[in-house]
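File shown here: final_27.pdb, holding PDB, C-alpha atoms and all ligand atoms.
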ATOM      1  CA  MET J 152       5.969 -13.382  21.297  1.00  0.00           C
ATOM      2  CA  ASN J 153       3.959 -10.363  20.086  1.00  0.00           C
ATOM      3  CA  LYS J 154       6.897  -8.049  20.710  1.00  0.00           C
ATOM      4  CA  ILE J 155       6.548  -4.469  19.487  1.00  0.00           C
ATOM      5  CA  ILE J 156       9.275  -3.892  16.907  1.00  0.00           C
ATOM      6  CA  GLU J 157       8.204  -0.549  15.474  1.00  0.00           C
ATOM      7  CA  LYS J 158       6.038   2.318  16.663  1.00  0.00           C
ATOM      8  CA  GLN J 159       5.100   5.543  14.929  1.00  0.00           C
ATOM      9  CA  GLN J 160       2.848   8.389  15.983  1.00  0.00           C
ATOM     10  CA  LEU J 161       0.719   9.355  12.962  1.00  0.00           C
ATOM     11  CA  ASN J 162      -1.104  12.320  14.486  1.00  0.00           C
ATOM     12  CA  GLU J 163      -2.009  13.592  17.944  1.00  0.00           C
ATOM     13  CA  ASN J 164      -4.161  10.572  18.772  1.00  0.00           C
ATOM     14  CA  THR J 165      -3.191   7.852  16.347  1.00  0.00           C
ATOM     15  CA  PHE J 166      -0.353   5.353  16.557  1.00  0.00           C
ATOM     16  CA  SER J 167       0.953   2.648  14.247  1.00  0.00           C
ATOM     17  CA  PHE J 168       2.525  -0.478  15.738  1.00  0.00           C
ATOM     18  CA  TRP J 169       4.345  -3.386  14.098  1.00  0.00           C
ATOM     19  CA  ILE J 170       4.622  -6.489  16.240  1.00  0.00           C
ATOM     20  CA  ASN J 171       6.593  -9.642  15.610  1.00  0.00           C
ATOM     21  CA  SER J 172       3.992 -12.378  15.797  1.00  0.00           C
ATOM     22  CA  PRO J 173       4.582 -15.416  13.550  1.00  0.00           C
ATOM     23  CA  GLU J 174       1.468 -17.252  14.790  1.00  0.00           C
ATOM     24  CA  ILE J 175      -0.902 -14.376  14.065  1.00  0.00           C
ATOM     25  CA  ALA J 176       0.815 -13.440  10.792  1.00  0.00           C
ATOM     26  CA  LYS J 177       0.458 -17.003   9.539  1.00  0.00           C
ATOM     27  CA  SER J 178      -3.339 -17.072   9.622  1.00  0.00           C
ATOM     28  CA  ALA J 179      -4.544 -13.435   9.721  1.00  0.00           C
ATOM     29  CA  LYS J 180      -6.995 -12.212   7.090  1.00  0.00           C
ATOM     30  CA  PRO J 181      -7.984  -8.633   6.259  1.00  0.00           C
ATOM     31  CA  GLY J 182     -10.925  -7.530   8.397  1.00  0.00           C
ATOM     32  CA  GLN J 183     -10.046  -9.771  11.348  1.00  0.00           C
ATOM     33  CA  PHE J 184      -9.091  -8.183  14.650  1.00  0.00           C
ATOM     34  CA  LEU J 185      -6.744  -8.569  17.600  1.00  0.00           C
ATOM     35  CA  HIS J 186      -8.061  -8.540  21.163  1.00  0.00           C
ATOM     36  CA  ILE J 187      -5.323  -6.876  23.174  1.00  0.00           C
ATOM     37  CA  ALA J 188      -4.989  -6.833  26.980  1.00  0.00           C
ATOM     38  CA  VAL J 189      -3.472  -3.491  27.973  1.00  0.00           C
ATOM     39  CA  GLY J 190      -2.885  -4.235  31.657  1.00  0.00           C
ATOM     40  CA  GLY J 191      -3.294  -1.886  34.632  1.00  0.00           C
ATOM     41  CA  ALA J 192      -6.843  -1.530  35.968  1.00  0.00           C
ATOM     42  CA  GLN J 193      -8.334  -2.208  32.530  1.00  0.00           C
ATOM     43  CA  ILE J 194      -9.870  -5.677  32.616  1.00  0.00           C
ATOM     44  CA  LEU J 195     -11.432  -5.578  29.161  1.00  0.00           C
ATOM     45  CA  ARG J 196      -9.300  -6.155  26.100  1.00  0.00           C
ATOM     46  CA  CYS J 197      -9.191  -3.646  23.202  1.00  0.00           C
ATOM     47  CA  PRO J 198     -10.434  -4.933  19.841  1.00  0.00           C
ATOM     48  CA  ILE J 199      -8.083  -3.518  17.163  1.00  0.00           C
ATOM     49  CA  SER J 200      -8.211  -4.297  13.435  1.00  0.00           C
ATOM     50  CA  ILE J 201      -5.298  -5.851  11.625  1.00  0.00           C
ATOM     51  CA  CYS J 202      -3.938  -3.234   9.226  1.00  0.00           C
ATOM     52  CA  ASP J 203      -1.072  -4.974   7.435  1.00  0.00           C
ATOM     53  CA  LEU J 204       1.134  -8.071   7.363  1.00  0.00           C
ATOM     54  CA  LEU J 205       4.748  -8.524   6.321  1.00  0.00           C
ATOM     55  CA  GLY J 206       6.453 -11.878   6.810  1.00  0.00           C
ATOM     56  CA  GLU J 207       6.138 -12.744  10.489  1.00  0.00           C
ATOM     57  CA  ASN J 208       5.109  -9.215  11.432  1.00  0.00           C
ATOM     58  CA  VAL J 209       1.670  -7.726  11.979  1.00  0.00           C
ATOM     59  CA  ARG J 210       0.697  -4.050  11.894  1.00  0.00           C
ATOM     60  CA  PHE J 211      -2.160  -2.421  13.727  1.00  0.00           C
ATOM     61  CA  VAL J 212      -3.088   1.246  13.854  1.00  0.00           C
ATOM     62  CA  MET J 213      -5.126   2.594  16.754  1.00  0.00           C
ATOM     63  CA  SER J 214      -6.569   5.880  17.956  1.00  0.00           C
ATOM     64  CA  VAL J 215      -6.843   6.918  21.586  1.00  0.00           C
ATOM     65  CA  VAL J 216     -10.546   6.987  22.481  1.00  0.00           C
ATOM     66  CA  GLY J 217     -10.491   6.105  26.191  1.00  0.00           C
ATOM     67  CA  GLU J 218      -8.359   4.824  29.055  1.00  0.00           C
ATOM     68  CA  SER J 219      -7.569   1.397  27.556  1.00  0.00           C
ATOM     69  CA  THR J 220      -6.454   2.764  24.209  1.00  0.00           C
ATOM     70  CA  LYS J 221      -4.454   5.458  26.028  1.00  0.00           C
ATOM     71  CA  ILE J 222      -2.526   2.753  27.911  1.00  0.00           C
ATOM     72  CA  LEU J 223      -1.990   0.831  24.670  1.00  0.00           C
ATOM     73  CA  SER J 224      -0.710   3.969  22.923  1.00  0.00           C
ATOM     74  CA  GLU J 225       1.975   4.276  25.613  1.00  0.00           C
ATOM     75  CA  LYS J 226       3.481   0.836  24.943  1.00  0.00           C
ATOM     76  CA  ARG J 227       7.020   0.950  23.656  1.00  0.00           C
ATOM     77  CA  ILE J 228       9.296  -0.866  21.262  1.00  0.00           C
ATOM     78  CA  GLY J 229      10.443  -4.070  23.011  1.00  0.00           C
ATOM     79  CA  ASP J 230       7.240  -4.457  25.079  1.00  0.00           C
ATOM     80  CA  GLU J 231       5.354  -7.737  24.654  1.00  0.00           C
ATOM     81  CA  LEU J 232       1.595  -7.660  24.148  1.00  0.00           C
ATOM     82  CA  ASP J 233      -0.964 -10.168  25.425  1.00  0.00           C
ATOM     83  CA  ILE J 234      -3.097 -10.764  22.321  1.00  0.00           C
ATOM     84  CA  LEU J 235      -5.986 -13.080  21.454  1.00  0.00           C
ATOM     85  CA  GLY J 236      -6.321 -13.468  17.741  1.00  0.00           C
ATOM     86  CA  PRO J 237      -6.733 -13.196  14.922  1.00  0.00           C
ATOM     87  CA  LEU J 238     -10.460 -13.138  15.785  1.00  0.00           C
ATOM     88  CA  GLY J 239     -13.680 -12.784  13.812  1.00  0.00           C
ATOM     89  CA  ARG J 240     -14.667 -13.240  10.225  1.00  0.00           C
ATOM     90  CA  GLY J 241     -12.704 -11.107   7.746  1.00  0.00           C
ATOM     91  CA  PHE J 242     -13.353  -9.797   4.238  1.00  0.00           C
ATOM     92  CA  ASP J 243     -13.748 -12.220   1.343  1.00  0.00           C
ATOM     93  CA  ALA J 244     -10.685 -11.284  -0.698  1.00  0.00           C
ATOM     94  CA  GLU J 245     -11.193 -14.248  -3.037  1.00  0.00           C
ATOM     95  CA  LYS J 246     -14.264 -12.873  -4.764  1.00  0.00           C
ATOM     96  CA  GLU J 247     -13.320 -11.739  -8.245  1.00  0.00           C
ATOM     97  CA  GLY J 248     -13.977  -8.427  -9.954  1.00  0.00           C
ATOM     98  CA  ASN J 249     -13.264  -4.714  -9.869  1.00  0.00           C
ATOM     99  CA  ALA J 250     -13.232  -3.575  -6.250  1.00  0.00           C
ATOM    100  CA  LEU J 251     -14.333  -0.354  -4.617  1.00  0.00           C
ATOM    101  CA  LEU J 252     -13.035   0.146  -1.067  1.00  0.00           C
ATOM    102  CA  ILE J 253     -14.934   2.720   0.985  1.00  0.00           C
ATOM    103  CA  GLY J 254     -13.440   3.802   4.301  1.00  0.00           C
ATOM    104  CA  GLY J 255     -14.384   6.449   6.835  1.00  0.00           C
ATOM    105  CA  GLY J 256     -12.053   7.808   9.542  1.00  0.00           C
ATOM    106  CA  ILE J 257     -10.279   5.067  11.477  1.00  0.00           C
ATOM    107  CA  GLY J 258     -12.262   2.562   9.383  1.00  0.00           C
ATOM    108  CA  ILE J 259      -9.676   2.882   6.628  1.00  0.00           C
ATOM    109  CA  PHE J 260      -7.060   0.847   8.532  1.00  0.00           C
ATOM    110  CA  PRO J 261      -8.345  -2.707   7.868  1.00  0.00           C
ATOM    111  CA  LEU J 262      -8.858  -1.804   4.199  1.00  0.00           C
ATOM    112  CA  LEU J 263      -5.121  -1.381   3.638  1.00  0.00           C
ATOM    113  CA  LEU J 264      -4.292  -5.097   3.942  1.00  0.00           C
ATOM    114  CA  LEU J 265      -7.364  -5.920   1.851  1.00  0.00           C
ATOM    115  CA  SER J 266      -6.271  -3.546  -0.933  1.00  0.00           C
ATOM    116  CA  LYS J 267      -2.822  -5.169  -1.022  1.00  0.00           C
ATOM    117  CA  GLN J 268      -4.269  -8.673  -1.285  1.00  0.00           C
ATOM    118  CA  LEU J 269      -6.717  -7.662  -4.029  1.00  0.00           C
ATOM    119  CA  LEU J 270      -3.959  -5.935  -6.017  1.00  0.00           C
ATOM    120  CA  LYS J 271      -1.751  -8.985  -5.649  1.00  0.00           C
ATOM    121  CA  ARG J 272      -4.496 -11.106  -7.184  1.00  0.00           C
ATOM    122  CA  GLY J 273      -4.641  -8.680 -10.125  1.00  0.00           C
ATOM    123  CA  ASP J 274      -7.990  -7.049  -9.313  1.00  0.00           C
ATOM    124  CA  TYR J 275      -8.627  -3.422 -10.211  1.00  0.00           C
ATOM    125  CA  VAL J 276      -8.895  -1.535  -6.909  1.00  0.00           C
ATOM    126  CA  GLN J 277     -10.357   1.932  -6.388  1.00  0.00           C
ATOM    127  CA  ALA J 278     -10.654   3.580  -2.962  1.00  0.00           C
ATOM    128  CA  ILE J 279     -12.885   6.333  -1.610  1.00  0.00           C
ATOM    129  CA  LEU J 280     -11.699   7.517   1.795  1.00  0.00           C
ATOM    130  CA  GLY J 281     -13.555  10.025   3.939  1.00  0.00           C
ATOM    131  CA  PHE J 282     -12.349  12.086   6.880  1.00  0.00           C
ATOM    132  CA  ARG J 283     -13.758  14.907   8.996  1.00  0.00           C
ATOM    133  CA  ASN J 284     -11.013  17.291   7.810  1.00  0.00           C
ATOM    134  CA  LYS J 285      -7.519  17.289   6.349  1.00  0.00           C
ATOM    135  CA  ASP J 286      -5.813  17.216   9.754  1.00  0.00           C
ATOM    136  CA  LEU J 287      -7.451  13.847  10.461  1.00  0.00           C
ATOM    137  CA  ALA J 288      -6.646  12.389   7.033  1.00  0.00           C
ATOM    138  CA  LEU J 289      -4.116   9.567   7.370  1.00  0.00           C
ATOM    139  CA  MET J 290      -2.394   6.907   5.276  1.00  0.00           C
ATOM    140  CA  TYR J 291      -4.494   7.659   2.194  1.00  0.00           C
ATOM    141  CA  GLU J 292      -1.389   7.810  -0.004  1.00  0.00           C
ATOM    142  CA  GLN J 293      -0.897   4.078   0.615  1.00  0.00           C
ATOM    143  CA  PHE J 294      -4.120   3.219  -1.257  1.00  0.00           C
ATOM    144  CA  PRO J 295      -4.392   2.771  -5.041  1.00  0.00           C
ATOM    145  CA  ASN J 296      -6.591   5.056  -7.171  1.00  0.00           C
ATOM    146  CA  VAL J 297      -7.805   6.970  -4.148  1.00  0.00           C
ATOM    147  CA  SER J 298     -10.484   9.671  -4.104  1.00  0.00           C
ATOM    148  CA  LEU J 299     -10.690  11.748  -0.945  1.00  0.00           C
ATOM    149  CA  VAL J 300     -13.726  13.286   0.693  1.00  0.00           C
ATOM    150  CA  THR J 301     -13.867  15.523   3.769  1.00  0.00           C
ATOM    151  CA  ASP J 302     -16.811  16.911   5.732  1.00  0.00           C
ATOM    152  CA  ASP J 303     -15.478  20.462   5.450  1.00  0.00           C
ATOM    153  CA  GLY J 304     -13.857  20.287   1.996  1.00  0.00           C
ATOM    154  CA  SER J 305     -10.350  20.951   3.394  1.00  0.00           C
ATOM    155  CA  LEU J 306      -9.056  17.965   1.375  1.00  0.00           C
ATOM    156  CA  GLY J 307     -10.600  16.361  -1.703  1.00  0.00           C
ATOM    157  CA  THR J 308     -14.315  16.711  -2.376  1.00  0.00           C
ATOM    158  CA  LYS J 309     -16.593  18.239   0.263  1.00  0.00           C
ATOM    159  CA  GLY J 310     -19.395  15.900   1.309  1.00  0.00           C
ATOM    160  CA  LEU J 311     -19.952  12.205   1.934  1.00  0.00           C
ATOM    161  CA  VAL J 312     -18.170   9.154   0.509  1.00  0.00           C
ATOM    162  CA  THR J 313     -21.442   8.025  -1.046  1.00  0.00           C
ATOM    163  CA  ASP J 314     -21.796  11.346  -2.933  1.00  0.00           C
ATOM    164  CA  ILE J 315     -19.072  10.350  -5.391  1.00  0.00           C
ATOM    165  CA  ALA J 316     -19.466   6.563  -5.304  1.00  0.00           C
ATOM    166  CA  SER J 317     -22.198   6.153  -7.936  1.00  0.00           C
ATOM    167  CA  ASP J 318     -20.126   7.818 -10.653  1.00  0.00           C
ATOM    168  CA  ILE J 319     -17.092   5.682  -9.796  1.00  0.00           C
ATOM    169  CA  ILE J 320     -19.173   2.492  -9.744  1.00  0.00           C
ATOM    170  CA  ARG J 321     -20.301   3.172 -13.308  1.00  0.00           C
ATOM    171  CA  THR J 322     -17.088   4.537 -14.833  1.00  0.00           C
ATOM    172  CA  GLN J 323     -14.848   1.848 -13.296  1.00  0.00           C
ATOM    173  CA  GLN J 324     -17.408  -0.967 -13.746  1.00  0.00           C
ATOM    174  CA  ILE J 325     -17.230  -1.921 -10.082  1.00  0.00           C
ATOM    175  CA  ASP J 326     -18.318  -5.477  -9.216  1.00  0.00           C
ATOM    176  CA  LYS J 327     -17.877  -5.500  -5.443  1.00  0.00           C
ATOM    177  CA  ILE J 328     -17.730  -3.043  -2.549  1.00  0.00           C
ATOM    178  CA  TYR J 329     -15.913  -3.407   0.768  1.00  0.00           C
ATOM    179  CA  ALA J 330     -16.623  -0.796   3.444  1.00  0.00           C
ATOM    180  CA  CYS J 331     -15.485   0.037   6.959  1.00  0.00           C
ATOM    181  CA  GLY J 332     -16.343   3.116   8.987  1.00  0.00           C
ATOM    182  CA  PRO J 333     -19.055   4.654  11.168  1.00  0.00           C
ATOM    183  CA  LYS J 334     -22.484   2.991  11.102  1.00  0.00           C
ATOM    184  CA  PRO J 335     -24.333   5.834   9.292  1.00  0.00           C
ATOM    185  CA  MET J 336     -21.728   5.600   6.515  1.00  0.00           C
ATOM    186  CA  LEU J 337     -22.129   1.807   6.321  1.00  0.00           C
ATOM    187  CA  LYS J 338     -25.899   2.186   6.144  1.00  0.00           C
ATOM    188  CA  ALA J 339     -25.552   4.663   3.259  1.00  0.00           C
ATOM    189  CA  VAL J 340     -23.101   2.328   1.484  1.00  0.00           C
ATOM    190  CA  SER J 341     -25.471  -0.603   1.975  1.00  0.00           C
ATOM    191  CA  ASN J 342     -28.348   1.406   0.440  1.00  0.00           C
ATOM    192  CA  LEU J 343     -26.119   2.379  -2.461  1.00  0.00           C
ATOM    193  CA  ALA J 344     -25.081  -1.244  -3.052  1.00  0.00           C
ATOM    194  CA  ASP J 345     -28.766  -2.253  -3.099  1.00  0.00           C
ATOM    195  CA  LYS J 346     -29.585   0.535  -5.548  1.00  0.00           C
ATOM    196  CA  GLU J 347     -26.700  -0.336  -7.860  1.00  0.00           C
ATOM    197  CA  ASP J 348     -27.225  -4.074  -7.325  1.00  0.00           C
ATOM    198  CA  ILE J 349     -23.622  -4.715  -6.277  1.00  0.00           C
ATOM    199  CA  TRP J 350     -22.253  -7.315  -3.852  1.00  0.00           C
ATOM    200  CA  CYS J 351     -21.090  -5.514  -0.697  1.00  0.00           C
ATOM    201  CA  GLN J 352     -19.338  -6.428   2.534  1.00  0.00           C
ATOM    202  CA  VAL J 353     -19.222  -4.104   5.556  1.00  0.00           C
ATOM    203  CA  SER J 354     -17.096  -4.284   8.676  1.00  0.00           C
ATOM    204  CA  MET J 355     -19.038  -3.335  11.808  1.00  0.00           C
ATOM    205  CA  GLU J 356     -17.641  -1.669  14.887  1.00  0.00           C
ATOM    206  CA  GLU J 357     -19.037  -2.285  18.351  1.00  0.00           C
ATOM    207  CA  LYS J 358     -17.921  -2.253  21.955  1.00  0.00           C
ATOM    208  CA  MET J 359     -16.719  -5.732  22.868  1.00  0.00           C
ATOM    209  CA  ALA J 360     -15.993  -7.688  26.014  1.00  0.00           C
ATOM    210  CA  CYS J 361     -15.191 -11.361  25.461  1.00  0.00           C
ATOM    211  CA  GLY J 362     -14.473 -11.096  21.719  1.00  0.00           C
ATOM    212  CA  ILE J 363     -15.418 -14.743  21.139  1.00  0.00           C
ATOM    213  CA  GLY J 364     -19.209 -14.805  21.009  1.00  0.00           C
ATOM    214  CA  ILE J 365     -20.059 -15.598  24.639  1.00  0.00           C
ATOM    215  CA  CYS J 366     -21.051 -12.401  26.483  1.00  0.00           C
ATOM    216  CA  ARG J 367     -23.323 -10.935  23.746  1.00  0.00           C
ATOM    217  CA  ALA J 368     -22.113  -7.385  24.438  1.00  0.00           C
ATOM    218  CA  CYS J 369     -21.736  -6.808  20.704  1.00  0.00           C
ATOM    219  CA  VAL J 370     -24.985  -8.061  19.177  1.00  0.00           C
ATOM    220  CA  CYS J 371     -26.678  -6.370  16.216  1.00  0.00           C
ATOM    221  CA  LYS J 372     -29.912  -7.098  14.342  1.00  0.00           C
ATOM    222  CA  THR J 373     -30.005  -9.158  11.177  1.00  0.00           C
ATOM    223  CA  SER J 374     -32.302  -8.646   8.216  1.00  0.00           C
ATOM    224  CA  ALA J 375     -33.886 -12.003   9.091  1.00  0.00           C
ATOM    225  CA  GLY J 376     -35.114 -10.520  12.386  1.00  0.00           C
ATOM    226  CA  SER J 377     -32.690 -12.275  14.717  1.00  0.00           C
ATOM    227  CA  GLN J 378     -29.528 -11.103  16.451  1.00  0.00           C
ATOM    228  CA  THR J 379     -25.931 -11.879  15.691  1.00  0.00           C
ATOM    229  CA  THR J 380     -22.622 -11.276  17.455  1.00  0.00           C
ATOM    230  CA  ILE J 381     -20.266  -8.882  15.705  1.00  0.00           C
ATOM    231  CA  CYS J 382     -17.135 -10.342  17.323  1.00  0.00           C
ATOM    232  CA  LYS J 383     -17.713 -13.936  16.241  1.00  0.00           C
ATOM    233  CA  ASN J 384     -20.047 -13.859  13.233  1.00  0.00           C
ATOM    234  CA  GLY J 385     -18.533 -10.554  12.043  1.00  0.00           C
ATOM    235  CA  PRO J 386     -17.088  -8.023  12.175  1.00  0.00           C
ATOM    236  CA  VAL J 387     -17.470  -8.401   8.402  1.00  0.00           C
ATOM    237  CA  PHE J 388     -20.947  -9.160   7.045  1.00  0.00           C
ATOM    238  CA  ASN J 389     -22.583  -9.084   3.662  1.00  0.00           C
ATOM    239  CA  SER J 390     -24.542  -5.806   3.788  1.00  0.00           C
ATOM    240  CA  LYS J 391     -27.776  -7.714   3.049  1.00  0.00           C
ATOM    241  CA  GLU J 392     -27.364  -9.807   6.217  1.00  0.00           C
ATOM    242  CA  LEU J 393     -27.947  -6.827   8.538  1.00  0.00           C
ATOM    243  CA  ALA J 394     -30.962  -4.719   9.507  1.00  0.00           C
ATOM    244  CA  TRP J 395     -30.005  -1.070   9.030  1.00  0.00           C
ATOM    245  CA  SER J 396     -32.996   0.781  10.524  1.00  0.00           C
TER     246      SER J 396
HETATM  247 FE1  LIG G 401     -18.749 -11.006  23.774  1.00  0.00          FE
HETATM  248 FE2  LIG G 401     -19.112 -10.323  21.206  1.00  0.00          FE
HETATM  249  S1  LIG G 401     -17.878  -9.356  22.664  1.00  0.00           S
HETATM  250  S2  LIG G 401     -20.164 -11.836  22.362  1.00  0.00           S
END
What do you get writing this file as structure tokens?
Amino acid sequence: MNKIIEKQQLNENTFSFWINSPEIAKSAKPGQFLHIAVGGAQILRCPISICDLLGENVRFVMSVVGESTKILSEKRIGDELDILGPLGRGFDAEKEGNALLIGGGIGIFPLLLLSKQLLKRGDYVQAILGFRNKDLALMYEQFPNVSLVTDDGSLGTKGLVTDIASDIIRTQQIDKIYACGPKPMLKAVSNLADKEDIWCQVSMEEKMACGIGICRACVCKTSAGSQTTICKNGPVFNSKELAWS
């Protein structure tokens, strides 16, 4: 169960894995995550977004950002992974309308499965993907109608994803926005959605421990003034549910 059947190194720090996992594949939704035990001295599991599904197989893409992800990146084809999941609340792919997907850096990975499901339903899908520079730009060719943005202008438009979003929202008559990426980007997307009066879901990233809503290591503030757990009540929220200041 959860056997690695394919592994590919996408750049210096980023790896794509396909695992055979009929149980997870059966119920996984875009935006949900896997909580993976890497073994060794690392007690805490790594939360990793689901990137794609095919039959009984599940794909995740991960970047090395510390010791746990380094150990995970060294797993090989044939190894079995100890996984809890799929966990969390994913994107609402059933909502109708023209979709704009906005992804930043490693936040683009969960948007791939979402884009496939929206296209399958017959929705128009446009993507804006942002990266620090062209060397860190990955997998963008797998998205439909993609516009690229980089911090340094080495690929696509120089600037921020939100710089070009307003024009696209109007010309493509966008009805809904889905976003995943760093928090400042999500805050800017949330402000934009408010300004344009468009329904918007964001996927939040946070350090996690239990992954199931018990330890409260992952809480964030809501617009109603309370706190919510990202692992259990998210990671996907309507942008209006959260306090962004
Ligand atoms: Fe424990 Fe979210 S990681 S409550």
List as CSV every residue of chain J that is in contact with ligand LIG 401 (chain G), defined as an atom at most 8 Å from one of its atoms (using only C-alpha atoms and all ligand atoms), together with the nearest atom pair and the distance in Å rounded to one decimal, sorted by chain and then rising number.
residue,atom,partner,partner_atom,distance
J:Lys358,CA,G:LIG401,S1,7.1
J:Met359,CA,G:LIG401,S1,3.8
J:Ala360,CA,G:LIG401,S1,4.2
J:Cys361,CA,G:LIG401,FE1,4.0
J:Gly362,CA,G:LIG401,S1,3.9
J:Ile363,CA,G:LIG401,FE1,5.7
J:Gly364,CA,G:LIG401,S2,3.4
J:Ile365,CA,G:LIG401,S2,4.4
J:Cys366,CA,G:LIG401,FE1,3.8
J:Arg367,CA,G:LIG401,S2,3.6
J:Ala368,CA,G:LIG401,FE1,5.0
J:Cys369,CA,G:LIG401,FE2,4.4
J:Val370,CA,G:LIG401,FE2,6.6
J:Thr380,CA,G:LIG401,FE2,5.2
J:Ile381,CA,G:LIG401,FE2,5.8
J:Cys382,CA,G:LIG401,FE2,4.4
J:Lys383,CA,G:LIG401,FE2,6.3
Report, as lines of an AutoDock Vina configuration file, the axis-aligned box around all atoms of segment 157-171 of chain J present in the file, extended by 4 Å on each side; give centre and edge lengths in Å to one decimal place.
center_x = 2.0
center_y = 2.0
center_z = 15.9
size_x = 20.4
size_y = 31.2
size_z = 13.8
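If you look at atom CA of Lys285 of chain J and atom CA of Thr301 of chain J, they are 7.1 Å away from each other.
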Practice item. Would you write out, as an MDAnalysis selection string, every residue that the PyMOL selection byres (((chain J and resi 348) around 12) and not hetatm) captures in this file? Key: chainID J and resid 317 320:321 325:328 340:347 349:351 390:391
Revision key, fill the gap. Restricting to all atoms listed in the file, whichever of J:Gln160, J:Ser298, J:Gln183, J:Asn249 is closest to Ser224 of chain J is J:Gln160
Review point. Written as a VMD selection string, what is the full residue list that the PyMOL selection byres (((chain J and resi 186-191) around 6) and not hetatm) yields on the file shown?
Key: chain J and resid 185 192 to 193 196 to 198 223 233 to 235
Review point. In terms of the shortest atom-to-atom distance over only C-alpha atoms, which of J:Ser305, J:Thr373, J:Gln159, J:Thr165 is closest to Ile257 of chain J?
Key: J:Thr165
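Between atom CA of Val353 of chain J and atom CA of Leu306 of chain J lies a distance of 24.7 Å.
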Matched chain/residue IDs from the PyMOL selection byres (((chain J and resi 205) around 12) and not hetatm), as an mmCIF file with C-alpha atoms, keeping the file's coordinate frame:
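As a result, expr.cif now contains:
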data_model
loop_
_atom_site.group_PDB
_atom_site.id
_atom_site.type_symbol
_atom_site.label_atom_id
_atom_site.label_comp_id
_atom_site.auth_asym_id
_atom_site.auth_seq_id
_atom_site.Cartn_x
_atom_site.Cartn_y
_atom_site.Cartn_z
ATOM 1 C CA TRP J 169 4.345 -3.386 14.098
ATOM 2 C CA ILE J 170 4.622 -6.489 16.240
ATOM 3 C CA ASN J 171 6.593 -9.642 15.610
ATOM 4 C CA SER J 172 3.992 -12.378 15.797
ATOM 5 C CA PRO J 173 4.582 -15.416 13.550
ATOM 6 C CA ILE J 175 -0.902 -14.376 14.065
ATOM 7 C CA ALA J 176 0.815 -13.440 10.792
ATOM 8 C CA LYS J 177 0.458 -17.003 9.539
ATOM 9 C CA ALA J 179 -4.544 -13.435 9.721
ATOM 10 C CA ILE J 201 -5.298 -5.851 11.625
ATOM 11 C CA CYS J 202 -3.938 -3.234 9.226
ATOM 12 C CA ASP J 203 -1.072 -4.974 7.435
ATOM 13 C CA LEU J 204 1.134 -8.071 7.363
ATOM 14 C CA GLY J 206 6.453 -11.878 6.810
ATOM 15 C CA GLU J 207 6.138 -12.744 10.489
ATOM 16 C CA ASN J 208 5.109 -9.215 11.432
ATOM 17 C CA VAL J 209 1.670 -7.726 11.979
ATOM 18 C CA ARG J 210 0.697 -4.050 11.894
ATOM 19 C CA PHE J 211 -2.160 -2.421 13.727
ATOM 20 C CA LEU J 264 -4.292 -5.097 3.942
ATOM 21 C CA LYS J 267 -2.822 -5.169 -1.022
ATOM 22 C CA GLN J 268 -4.269 -8.673 -1.285
#
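Considering the residues J:Ile155, J:Leu280, J:Ala288, J:Asn162 and counting all atoms listed in the file, Asp230 of chain J has its shortest atom-to-atom contact with J:Ile155.
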Exercise for review: Kindly give the distance, in Å, that separates atom CA of Thr308 of chain J and atom CA of Pro295 of chain J, rounded to a single decimal.
Suggested key: 17.3 Å
Study note, to complete from the structure: If you count all atoms listed in the file, the residue of J:Ile194, J:Met336, J:Gln352, J:Phe168 closest to Ala250 of chain J turns out to be J:Gln352
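Nearest-residue note for Gly229 of chain J: choosing from J:Val276, J:Ile156, J:Ile315, J:Leu337, the minimum distance belongs to J:Ile156, counting all atoms listed in the file.
Using only C-alpha atoms, the smallest distance between any of J:Gly281, J:Gly182, J:Pro333, J:Gly256 and Gly310 of chain J comes from J:Gly281.
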Asn296 of chain J environment, 9 Å, all atoms listed in the file, sequence neighbours closer than 5 positions dropped, as a PDB file with C-alpha atoms, in the coordinates of the input:
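So the final result, stored in part08.pdb, reads:
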ATOM      1  CA  VAL J 276      -8.895  -1.535  -6.909  1.00  0.00           C
ATOM      2  CA  GLN J 277     -10.357   1.932  -6.388  1.00  0.00           C
ATOM      3  CA  ALA J 278     -10.654   3.580  -2.962  1.00  0.00           C
ATOM      4  CA  ILE J 279     -12.885   6.333  -1.610  1.00  0.00           C
TER       5      ILE J 279
END
